[in-house]
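S.K.: Handing you this structure, nothing more for now.
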Amino acid sequence: MYSISPIGYIESPYKEKFAVPRQPSLVSTATSRVRLAGEANCPESLRGIEQFSHIWLLFLFDQNLEQGWKPTVRPPRLGGNERIGVFASRATFRPNGIGMSAVEVKGVTKQGDQMYLELGNVDLVDGTPIVDIKPYIPYSDAIDDAKGGYAEEEPTTSEVIFSVQPRSLLLDRPNGDTEKEVISQVLAQDPRPAYKKNKLDLKEYAVNLFDMNVKFTVTDNLVTVTAIESF
């Protein structure tokens with residue numbers, strides 16, 4: 001029997017699983033950080049990490065662990081209809097609930113006794129447990145002739161527009177310009193279930209980003225932010 005203890009926790013704009021980008025690079029404007037915990041929360045554990053531009057984060061899909069897993073899954077990139085093996089996917093429901101992401105290193109900061117690893121965007125819900133951090137090594141980790149299977153190309157994106165109320169609210173916020181860009185990049189991925197795409201959908205959706213509840217609709221290839229409510 002083995003046990004794994006988190007060495008830290010992610011702090012990100014994503015307050016729920018819905019609308020989390022499927023890859024960190026898809027929302028380039030957002031930033032995040034790891035709040036180190038326990039014995040890992042010391043300057044020595046991060047010594048030398050700033051010489052690397054990127055790292056691998058290993059984490060737990062903690063919100064999915066109790067629901068178990070199945071040998072086959074339906075990837076959104078295949079329209080949510082075709083089944084493939086779980087190990088031929090990056091599905092979040094996995095035998096041991098472990099995920100990994102390559103993310104940009106922005107620096108190391110300290111607040112009192114608390115150490116933080118500052119990062120670019122991540123594809124992780126706020127509070128996700130981090131179980132390990134490893135440097136990204138370009139000569140070995142970047143494989144020029146690698147094949148991407150059914151995910152060979154980046155997903156197509158939708159146009160995002162803002163109604164009057166959300167535009168006004170964001171104008172009044174100190175970081176409103178950056179938050180607007182993050183919202184745009186998140187919603188451009190069309191986070192709805194795969195089976196909803198290319199069909200008439202009159203539903204208004206909502207997602208929690210930063211300290212805001214962002215409401216939106218999707219018509220054809222156009223996402224409209226209809227309203228934003230601050231928590």
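Chains: A, B, ... in order of the structure tokens. Residues: from 1 per chain. Ligands: from 1, in order shown.
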Under the rule of at most 8 Å, produce a per-residue listing of region 88-150 of chain A near region 39-52 of chain A: chain, number, name, the closest pair of atoms, and the distance in Å, as a Markdown table, using only C-alpha atoms.

M.R.:
```
| residue | atom | partner | partner_atom | distance |
| --- | --- | --- | --- | --- |
| A:Val105 | CA | A:Glu50 | CA | 7.0 |
| A:Lys106 | CA | A:Glu50 | CA | 7.9 |
| A:Gly107 | CA | A:Glu50 | CA | 6.1 |
| A:Val108 | CA | A:Glu50 | CA | 7.4 |
| A:Asp113 | CA | A:Cys42 | CA | 7.9 |
| A:Gln114 | CA | A:Asn41 | CA | 6.6 |
| A:Met115 | CA | A:Asn41 | CA | 5.8 |
| A:Leu117 | CA | A:Leu46 | CA | 7.9 |
| A:Pro135 | CA | A:Phe52 | CA | 6.5 |
| A:Tyr136 | CA | A:Phe52 | CA | 7.1 |
```

S.K.: Determine, using only C-alpha atoms, which residues of region 139-184 of chain A have any atom at most 12 Å from an atom of region 63-77 of chain A, and tabulate each with its shortest atom pair and distance in Å to one decimal place, rows ordered by chain and then rising number, as JSON lines.

M.R.:
```
{"residue": "A:Gly148", "atom": "CA", "partner": "A:Arg77", "partner_atom": "CA", "distance": 11.9}
{"residue": "A:Gly149", "atom": "CA", "partner": "A:Arg77", "partner_atom": "CA", "distance": 10.7}
{"residue": "A:Tyr150", "atom": "CA", "partner": "A:Arg77", "partner_atom": "CA", "distance": 7.2}
{"residue": "A:Ala151", "atom": "CA", "partner": "A:Arg77", "partner_atom": "CA", "distance": 6.9}
{"residue": "A:Glu152", "atom": "CA", "partner": "A:Arg77", "partner_atom": "CA", "distance": 10.2}
{"residue": "A:Glu153", "atom": "CA", "partner": "A:Arg77", "partner_atom": "CA", "distance": 10.2}
{"residue": "A:Glu154", "atom": "CA", "partner": "A:Arg77", "partner_atom": "CA", "distance": 9.9}
{"residue": "A:Pro155", "atom": "CA", "partner": "A:Arg77", "partner_atom": "CA", "distance": 7.8}
{"residue": "A:Thr156", "atom": "CA", "partner": "A:Arg77", "partner_atom": "CA", "distance": 10.4}
```

S.K.: Those residues you just picked out, can you put them in a file as a CSV table (one decimal), in the first residue's frame with C-alpha atoms?

M.R.:
```csv
chain,number,residue,atom,x,y,z
A,148,GLY,CA,-1.1,13.6,-31.5
A,149,GLY,CA,-3.6,11.1,-32.6
A,150,TYR,CA,-7.2,12.5,-32.6
A,151,ALA,CA,-5.8,15.7,-30.9
A,152,GLU,CA,-3.2,16.5,-33.6
A,153,GLU,CA,-4.3,20.1,-33.9
A,154,GLU,CA,-5.5,22.8,-31.5
A,155,PRO,CA,-9.3,23.0,-31.1
A,156,THR,CA,-11.1,25.6,-33.1
```

S.K.: Interatomic distance between CA of Asp132 (chain A) and CA of Phe59 (chain A)?

M.R.: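 That distance, rounded to one decimal, is 7.0 Å.
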
S.K.: Near region 199-203 of chain A, within 9 Å and counting only C-alpha atoms, which residues show up once chain neighbours fewer than 5 positions away are dropped, as number ranges by chain?

M.R.: A: 216-220

S.K.: Store the residues picked out above, limited to N, CA, C and O atoms, as a compact mmCIF listing (two decimals), in the first residue's frame.

M.R.:
```txt
# COMPACT_ATOMS: atom_id res chain seq x y z
N PHE A 216 -23.40 33.24 -19.90
CA PHE A 216 -23.19 33.35 -21.34
C PHE A 216 -24.13 32.43 -22.11
O PHE A 216 -24.67 31.46 -21.57
N THR A 217 -24.31 32.76 -23.37
CA THR A 217 -25.07 31.92 -24.30
C THR A 217 -24.20 31.64 -25.52
O THR A 217 -23.21 32.36 -25.77
N VAL A 218 -24.57 30.62 -26.28
CA VAL A 218 -23.83 30.26 -27.48
C VAL A 218 -24.81 30.08 -28.63
O VAL A 218 -25.77 29.31 -28.52
N THR A 219 -24.57 30.81 -29.71
CA THR A 219 -25.38 30.68 -30.93
C THR A 219 -24.43 30.49 -32.09
O THR A 219 -23.60 31.35 -32.38
N ASP A 220 -24.57 29.34 -32.76
CA ASP A 220 -23.64 28.99 -33.83
C ASP A 220 -22.20 29.05 -33.28
O ASP A 220 -21.88 28.35 -32.36
```

S.K.: Please, what distance in Å, to one decimal, runs between CA of Val34 (chain A) and CA of Tyr14 (chain A)?

M.R.: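 Distance between the two atoms: 13.8 Å.
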
S.K.: Can you tell me, as a PyMOL selection string, what residues are no more than 10 Å from Val164 (chain A) when counting only C-alpha atoms, ignoring any on the same chain fewer than 5 positions away?

M.R.: chain A and resi 169+225-227

S.K.: Can I get the selection written as a tab-separated table (two decimals), in the first residue's frame, with N, CA and C atoms?

M.R.:
```tsv
chain	number	residue	atom	x	y	z
A	169	LEU	N	-19.20	46.47	-15.87
A	169	LEU	CA	-18.69	45.94	-14.60
A	169	LEU	C	-17.18	45.74	-14.67
A	225	VAL	N	-21.39	37.00	-23.68
A	225	VAL	CA	-21.40	37.14	-22.22
A	225	VAL	C	-22.58	38.04	-21.88
A	226	THR	N	-23.59	37.49	-21.27
A	226	THR	CA	-24.85	38.20	-21.04
A	226	THR	C	-24.87	38.98	-19.74
A	227	ALA	N	-24.17	38.50	-18.72
A	227	ALA	CA	-24.20	39.16	-17.42
A	227	ALA	C	-23.02	38.66	-16.57
```

S.K.: Quick one: distance from CA of Lys15 (chain A) to CA of Val207 (chain A) in Å, one decimal?

M.R.: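 Calculated distance between CA of Lys15 (chain A) and CA of Val207 (chain A) is 8.3 Å.
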
S.K.: Which of these residues is nearest to Asn221 (chain A), using only C-alpha atoms: A:Arg33, A:Lys17, A:Arg94, A:Lys197?

M.R.: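 Comparing A:Arg33, A:Lys17, A:Arg94, A:Lys197 against Asn221 (chain A), the winner is A:Lys197.
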
S.K.: Tell me which of A:Ala206, A:Val214, A:Ile10, A:Ala19 sits closest to Ser32 (chain A), counting only C-alpha atoms.

M.R.: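 Comparing A:Ala206, A:Val214, A:Ile10, A:Ala19 against Ser32 (chain A), the winner is A:Ile10.
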
S.K.: Quick one: everything within 9 Å of Asn121 (chain A), counting only C-alpha atoms, minus sequence neighbours fewer than 4 positions away in the same chain. Send it as a VMD selection string.

M.R.: chain A and resid 12 24 to 33 103 to 104

S.K.: Go ahead and write the selection's residues with all heavy atoms as an mmCIF file, in the first residue's frame.

M.R.:
```cif
data_model
loop_
_atom_site.group_PDB
_atom_site.id
_atom_site.type_symbol
_atom_site.label_atom_id
_atom_site.label_comp_id
_atom_site.auth_asym_id
_atom_site.auth_seq_id
_atom_site.Cartn_x
_atom_site.Cartn_y
_atom_site.Cartn_z
ATOM 1 N N SER A 12 -5.801 29.304 -8.627
ATOM 2 C CA SER A 12 -6.085 29.651 -10.024
ATOM 3 C C SER A 12 -7.408 30.404 -10.118
ATOM 4 O O SER A 12 -8.185 30.429 -9.151
ATOM 5 C CB SER A 12 -6.147 28.375 -10.874
ATOM 6 O OG SER A 12 -7.397 27.725 -10.731
ATOM 7 N N PRO A 24 -3.209 24.072 -20.552
ATOM 8 C CA PRO A 24 -2.845 25.388 -20.006
ATOM 9 C C PRO A 24 -2.641 26.463 -21.061
ATOM 10 O O PRO A 24 -2.996 27.626 -20.849
ATOM 11 C CB PRO A 24 -1.536 25.094 -19.264
ATOM 12 C CG PRO A 24 -1.580 23.644 -18.951
ATOM 13 C CD PRO A 24 -2.319 23.005 -20.093
ATOM 14 N N SER A 25 -2.081 26.110 -22.226
ATOM 15 C CA SER A 25 -1.734 27.111 -23.227
ATOM 16 C C SER A 25 -2.941 27.750 -23.898
ATOM 17 O O SER A 25 -2.802 28.781 -24.563
ATOM 18 C CB SER A 25 -0.841 26.477 -24.302
ATOM 19 O OG SER A 25 -1.529 25.419 -24.957
ATOM 20 N N LEU A 26 -4.125 27.182 -23.730
ATOM 21 C CA LEU A 26 -5.307 27.702 -24.406
ATOM 22 C C LEU A 26 -5.797 29.020 -23.809
ATOM 23 O O LEU A 26 -6.547 29.753 -24.439
ATOM 24 C CB LEU A 26 -6.428 26.658 -24.377
ATOM 25 C CG LEU A 26 -6.143 25.358 -25.140
ATOM 26 C CD1 LEU A 26 -7.304 24.383 -24.993
ATOM 27 C CD2 LEU A 26 -5.858 25.644 -26.612
ATOM 28 N N VAL A 27 -5.401 29.323 -22.572
ATOM 29 C CA VAL A 27 -5.759 30.604 -21.938
ATOM 30 C C VAL A 27 -4.450 31.242 -21.478
ATOM 31 O O VAL A 27 -4.050 31.131 -20.318
ATOM 32 C CB VAL A 27 -6.723 30.401 -20.751
ATOM 33 C CG1 VAL A 27 -7.130 31.752 -20.154
ATOM 34 C CG2 VAL A 27 -7.972 29.649 -21.207
ATOM 35 N N SER A 28 -3.777 31.902 -22.400
ATOM 36 C CA SER A 28 -2.422 32.395 -22.143
ATOM 37 C C SER A 28 -2.366 33.580 -21.188
ATOM 38 O O SER A 28 -1.321 33.843 -20.582
ATOM 39 C CB SER A 28 -1.755 32.773 -23.470
ATOM 40 O OG SER A 28 -2.513 33.778 -24.135
ATOM 41 N N THR A 29 -3.465 34.316 -21.034
ATOM 42 C CA THR A 29 -3.452 35.540 -20.227
ATOM 43 C C THR A 29 -3.492 35.262 -18.730
ATOM 44 O O THR A 29 -2.950 36.033 -17.935
ATOM 45 C CB THR A 29 -4.654 36.432 -20.601
ATOM 46 O OG1 THR A 29 -4.625 36.688 -21.998
ATOM 47 C CG2 THR A 29 -4.609 37.754 -19.854
ATOM 48 N N ALA A 30 -4.129 34.181 -18.329
ATOM 49 C CA ALA A 30 -4.313 33.899 -16.906
ATOM 50 C C ALA A 30 -3.001 33.504 -16.241
ATOM 51 O O ALA A 30 -2.096 32.960 -16.874
ATOM 52 C CB ALA A 30 -5.344 32.791 -16.718
ATOM 53 N N THR A 31 -2.912 33.763 -14.947
ATOM 54 C CA THR A 31 -1.771 33.328 -14.149
ATOM 55 C C THR A 31 -2.270 32.521 -12.957
ATOM 56 O O THR A 31 -3.459 32.512 -12.645
ATOM 57 C CB THR A 31 -0.935 34.521 -13.651
ATOM 58 O OG1 THR A 31 -1.780 35.396 -12.870
ATOM 59 C CG2 THR A 31 -0.342 35.297 -14.809
ATOM 60 N N SER A 32 -1.346 31.839 -12.308
ATOM 61 C CA SER A 32 -1.695 30.987 -11.177
ATOM 62 C C SER A 32 -0.464 30.848 -10.290
ATOM 63 O O SER A 32 0.593 31.439 -10.574
ATOM 64 C CB SER A 32 -2.151 29.608 -11.675
ATOM 65 O OG SER A 32 -1.111 29.004 -12.434
ATOM 66 N N ARG A 33 -0.581 30.062 -9.240
ATOM 67 C CA ARG A 33 0.591 29.784 -8.413
ATOM 68 C C ARG A 33 0.337 28.552 -7.553
ATOM 69 O O ARG A 33 -0.811 28.173 -7.297
ATOM 70 C CB ARG A 33 0.947 30.982 -7.532
ATOM 71 C CG ARG A 33 -0.096 31.398 -6.503
ATOM 72 C CD ARG A 33 0.386 32.632 -5.750
ATOM 73 N NE ARG A 33 -0.541 33.058 -4.709
ATOM 74 C CZ ARG A 33 -0.318 34.080 -3.878
ATOM 75 N NH1 ARG A 33 0.803 34.777 -3.985
ATOM 76 N NH2 ARG A 33 -1.195 34.409 -2.965
ATOM 77 N N VAL A 103 3.623 23.734 -17.428
ATOM 78 C CA VAL A 103 3.226 25.121 -17.208
ATOM 79 C C VAL A 103 4.456 26.027 -17.121
ATOM 80 O O VAL A 103 5.565 25.578 -16.808
ATOM 81 C CB VAL A 103 2.376 25.266 -15.929
ATOM 82 C CG1 VAL A 103 1.106 24.449 -16.044
ATOM 83 C CG2 VAL A 103 3.156 24.835 -14.704
ATOM 84 N N GLU A 104 4.236 27.291 -17.392
ATOM 85 C CA GLU A 104 5.320 28.281 -17.400
ATOM 86 C C GLU A 104 5.670 28.724 -15.986
ATOM 87 O O GLU A 104 4.791 28.954 -15.143
ATOM 88 C CB GLU A 104 4.892 29.496 -18.215
ATOM 89 C CG GLU A 104 5.952 30.571 -18.333
ATOM 90 C CD GLU A 104 5.470 31.802 -19.057
ATOM 91 O OE1 GLU A 104 4.265 31.867 -19.379
ATOM 92 O OE2 GLU A 104 6.296 32.697 -19.313
#
```

S.K.: For the strand (DSSP E or B) assignment from backbone DSSP, which residues of region 64-204 of chain A qualify? Please present them as a PyMOL selection string.

M.R.: chain A and resi 72-73+84-85+98-111+114-119+129-135+159-162

S.K.: Return the single residue from A:Val223, A:Ile228, A:Leu209, A:Leu78 that is closest to Tyr195 (chain A), with distances computed using only C-alpha atoms.

M.R.: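 Going through A:Val223, A:Ile228, A:Leu209, A:Leu78 one by one, the smallest distance to Tyr195 (chain A) is for A:Leu78.
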
S.K.: Give me, as number ranges by chain, all polymer residues having an atom no more than 8 Å from Lys180 (chain A), counting only C-alpha atoms and skipping those fewer than 4 positions away in the same chain.

M.R.: A: 170, 176, 184

S.K.: Would you mind telling me which residue in A:Gly79, A:Glu179, A:Glu11, A:Leu60 lies nearest to Lys196 (chain A) when using only C-alpha atoms?

M.R.: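 Nearest candidate to Lys196 (chain A) out of A:Gly79, A:Glu179, A:Glu11, A:Leu60: A:Gly79.
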
S.K.: Select, from A:Ile4, A:Phe210, A:Ile183, A:Ser168, the residue with the minimum atom-to-atom distance to Gly97 (chain A), counting only C-alpha atoms.

M.R.: A:Ile4
